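Asks: Below is one structure. I have some questions about it.
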Amino acid sequence: MRMRKKIGKITLAAVFGYLFTFLIAITVLIPILWLLVSSFKTDVGVIKFPPRFFPEEWTLHQYLYVGDSIPIFEMTKNTVFFAGGVTVISLLFDSMAGYAFARMRFKGSKVLFSIILLTMMVPFQIIMTPLYIEVYKLHLLDSYLGLILPRATSAFGIYMMSSFFQGLPKSLEESGRIDGMSEFRIFWSIMMPLCKPALVSLGIFHFMNNWNDLLYPLMLTSSQNKRTLSAGLAVLVGNKVIKYGPTLAATMISLTPLLILYIFCQKYFIEGVAASGVKE
């Protein structure tokens with residue numbers, strides 16, 4: 001009898017859990033679905049009141065307008081190079097630094113690690129002017145290298161990878177040293193293959209943050225040939241008149257790669273965040 005009551009309570013709790021999860025999912029999905037459907041509406045349909053979810057007339061006019069107004073494909077290519085380049089390079093440097101702080105002991109490591117963590121508290125607006133001057137002095141303005149190099153590593157990435165490496169058993173590296181392996185060989189051949197979930201989750205963080213960034217690429221680029229998607233979307237918003245339809249279409253174009261990336265990598269993303277102990 002007690003067993004039946006227990007099963008009934010568990011089932012009831014599970015039902016409420018599923019309902020709560022379903023409500024959260026609906027809350028998150030409705031704005032995305034509204035954005036998708038509205039990007040196929042006419043200009044009148046977008047601003048019509050009261051609003052209607054489905055358009056009275058389906059049209060590709062908004063997407064065609066975006067293609068005629070800004071070099072959307074060129075900006076997409078720039079964003080892929082920028083976000084992808086930063087992600088790949090940051091994963092390498094963040095993992096190397098995280099391994100050094102977590103598994104190696106050297107003089108001043110704790111002080112240096114604390115200073116790196118303190119940089120996470122500094123707003124970008126404080127360093128943007130010195131950063132612009134530095135990039136200008138290096139003659140890297142309006143270039144892929146000028147966009148990627150300042151973000152070759154990050155304090156958050158070092159902290160996340162360090163937290164993950166601390167959770168791995170020390171016997172792994174000790175066995176490598178007994179076999180005569182160098183420290184870099186231990187890191188690359190033994191530790192890195194075990195960090196796949198953390199690397200994927202950190203890679204998603206880096207890619208999403210740089211893909212959606214507006215101020216940083218807008219500051220370091222001046223020509224449309226090097227502008228990213230976020231900067232291109234800003235062009236569609238005029239000083240006095242906002243073109244809602246094309247803005248919705250361009251936003252959908254910018255959002256789609258991130259949705260696809262997260263859908264295929266969400267398993268590793270959740271595993272990496274859970275294993276490293278980092279909370280969103």
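Please note that chains go A, B, ... in the order of the structure tokens, that every chain numbers its residues from 1, and that ligands are numbered from 1 in the order shown.
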Just want the 8 Å neighbourhood of segment 205-209 of chain A, counted on only C-alpha atoms, with same-chain residues fewer than 6 positions away dropped. Output as a PyMOL selection string.
Replies: chain A and resi 83-84+86-87+90+258
Asks: I need the residues from that last selection saved to file as a short mmCIF file (atom, residue, chain, number, x, y, z; two decimals), in the first residue's frame (with C-alpha atoms), if you can.
Replies:
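Final output, part_18.cif:
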data_model
loop_
_atom_site.label_atom_id
_atom_site.label_comp_id
_atom_site.auth_asym_id
_atom_site.auth_seq_id
_atom_site.Cartn_x
_atom_site.Cartn_y
_atom_site.Cartn_z
CA ALA A 83 33.36 34.27 -34.46
CA GLY A 84 34.87 31.01 -35.74
CA VAL A 86 38.06 33.66 -32.08
CA THR A 87 36.45 30.39 -30.96
CA SER A 90 40.45 30.88 -27.68
CA LEU A 258 23.07 29.85 -33.55
#
Asks: Excluding same-chain residues fewer than 2 positions from segment 170-184 of chain A, what lies within 12 Å of it counting only C-alpha atoms, as a list of chain:residue names?
Replies: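 In the requested form, the answer reads A:Ser95, A:Met96, A:Ala97, A:Tyr99, A:Ala100, A:Ala102, A:Arg103, A:Met104, A:Phe165, A:Gln166, A:Gly167, A:Leu168, A:Ile186, A:Phe187, A:Trp188, A:Ser189, A:Ile190, A:Met191, A:Met192, A:Leu194.
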Asks: Got time to write the residues from that selection, C-alpha atoms, as an mmCIF file, in the first residue's frame?
Replies:
data_model
loop_
_atom_site.group_PDB
_atom_site.id
_atom_site.type_symbol
_atom_site.label_atom_id
_atom_site.label_comp_id
_atom_site.auth_asym_id
_atom_site.auth_seq_id
_atom_site.Cartn_x
_atom_site.Cartn_y
_atom_site.Cartn_z
ATOM 1 C CA SER A 95 42.692 25.233 -22.369
ATOM 2 C CA MET A 96 46.474 25.658 -22.189
ATOM 3 C CA ALA A 97 46.220 28.377 -19.548
ATOM 4 C CA TYR A 99 45.707 23.363 -17.567
ATOM 5 C CA ALA A 100 48.700 25.364 -16.328
ATOM 6 C CA ALA A 102 44.957 23.750 -12.489
ATOM 7 C CA ARG A 103 47.704 21.102 -12.784
ATOM 8 C CA MET A 104 51.040 22.927 -12.597
ATOM 9 C CA PHE A 165 40.973 20.185 -15.298
ATOM 10 C CA GLN A 166 40.827 20.270 -11.503
ATOM 11 C CA GLY A 167 38.173 17.571 -11.603
ATOM 12 C CA LEU A 168 40.361 15.090 -13.505
ATOM 13 C CA ILE A 186 50.519 15.084 -21.428
ATOM 14 C CA PHE A 187 48.246 18.057 -21.994
ATOM 15 C CA TRP A 188 47.639 17.364 -25.687
ATOM 16 C CA SER A 189 47.477 13.551 -25.764
ATOM 17 C CA ILE A 190 45.968 12.691 -22.378
ATOM 18 C CA MET A 191 44.056 15.679 -21.002
ATOM 19 C CA MET A 192 42.592 17.281 -24.117
ATOM 20 C CA LEU A 194 38.943 14.078 -21.937
#
Asks: Please provide the set of residues having any atom within 12 Å of segment 23-32 of chain A, restricted to only C-alpha atoms, with same-chain residues fewer than 4 positions apart removed, written as a PyMOL selection string.
Replies: chain A and resi 16-19+36-39+53+248-249+251-252+255-256+259
Asks: Would you kindly return, as a list in words, each protein, DNA or RNA residue with an atom no farther than 8 Å from any atom of segment 116-124 of chain A, considering only C-alpha atoms and excluding same-chain residues fewer than 2 positions away?
Replies: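 The neighbour list is Leu112, Phe113, Ser114, Ile126, Ile127, Met128, Ala155, Phe156 and Tyr159 of chain A.
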Asks: When DSSP is applied to the backbone of this structure, which of segment 16-216 of chain A are assigned alpha helix (DSSP H)? Write them out as a VMD selection string.
Replies: chain A and resid 16 to 38 43 to 47 61 to 69 72 to 103 109 to 118 124 to 137 144 to 148 155 to 166 171 to 178 183 to 185 196 to 212 215 to 216
Asks: Measuring between only C-alpha atoms, which one of A:Leu220, A:Leu91, A:Val66, A:Val15 shows the shortest distance to Glu134 of chain A?
Replies: A:Leu220
Asks: Give me the residues near Pro217 of chain A as a PyMOL selection string, where near means some atom within 8 Å (using only C-alpha atoms) and where sequence neighbours in that chain fewer than 4 positions away do not count.
Replies: chain A and resi 147+213+221+227-228+231
Asks: Residues at most 10 Å from Trp58 of chain A, counting only C-alpha atoms, excluding those fewer than 3 positions away in the same chain, as a list in words?
Replies: Val37, Ser38, Ser39, Phe40, Lys41, Thr42, Gly45, Phe54, Pro55 and His61 of chain A
Asks: Once you have the residues from the selection above, write them out as a short mmCIF file (atom, residue, chain, number, x, y, z; two decimals), in the first residue's frame, restricted to N, CA and C atoms.
Replies:
data_model
loop_
_atom_site.label_atom_id
_atom_site.label_comp_id
_atom_site.auth_asym_id
_atom_site.auth_seq_id
_atom_site.Cartn_x
_atom_site.Cartn_y
_atom_site.Cartn_z
N VAL A 37 7.66 33.86 -38.22
CA VAL A 37 6.44 34.09 -38.99
C VAL A 37 6.35 35.55 -39.43
N SER A 38 6.72 36.48 -38.56
CA SER A 38 6.61 37.90 -38.89
C SER A 38 7.57 38.32 -39.99
N SER A 39 8.67 37.58 -40.15
CA SER A 39 9.63 37.93 -41.21
C SER A 39 9.06 37.66 -42.60
N PHE A 40 7.94 36.91 -42.67
CA PHE A 40 7.27 36.64 -43.95
C PHE A 40 6.03 37.51 -44.15
N LYS A 41 5.80 38.49 -43.27
CA LYS A 41 4.66 39.37 -43.40
C LYS A 41 5.01 40.57 -44.28
N THR A 42 4.00 41.24 -44.74
CA THR A 42 4.19 42.50 -45.45
C THR A 42 4.46 43.61 -44.44
N GLY A 45 1.39 44.18 -42.49
CA GLY A 45 1.09 43.09 -41.58
C GLY A 45 1.95 43.10 -40.33
N PHE A 54 -0.28 34.67 -37.60
CA PHE A 54 0.01 34.25 -38.97
C PHE A 54 -0.30 35.39 -39.94
N PRO A 55 0.53 35.57 -40.94
CA PRO A 55 0.30 36.67 -41.90
C PRO A 55 -0.88 36.39 -42.81
N HIS A 61 9.40 39.51 -49.44
CA HIS A 61 9.84 40.88 -49.70
C HIS A 61 10.86 41.37 -48.67
#
Asks: Could you jot down the atom CA of Gly146 of chain A to atom CA of Pro71 of chain A separation for me, Å, one decimal place?
Replies: 21.0 Å
Asks: Separation of atom CA of Ile47 of chain A and atom CA of Tyr244 of chain A, in Å?
Replies: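 That distance, rounded to one decimal, is 7.9 Å.
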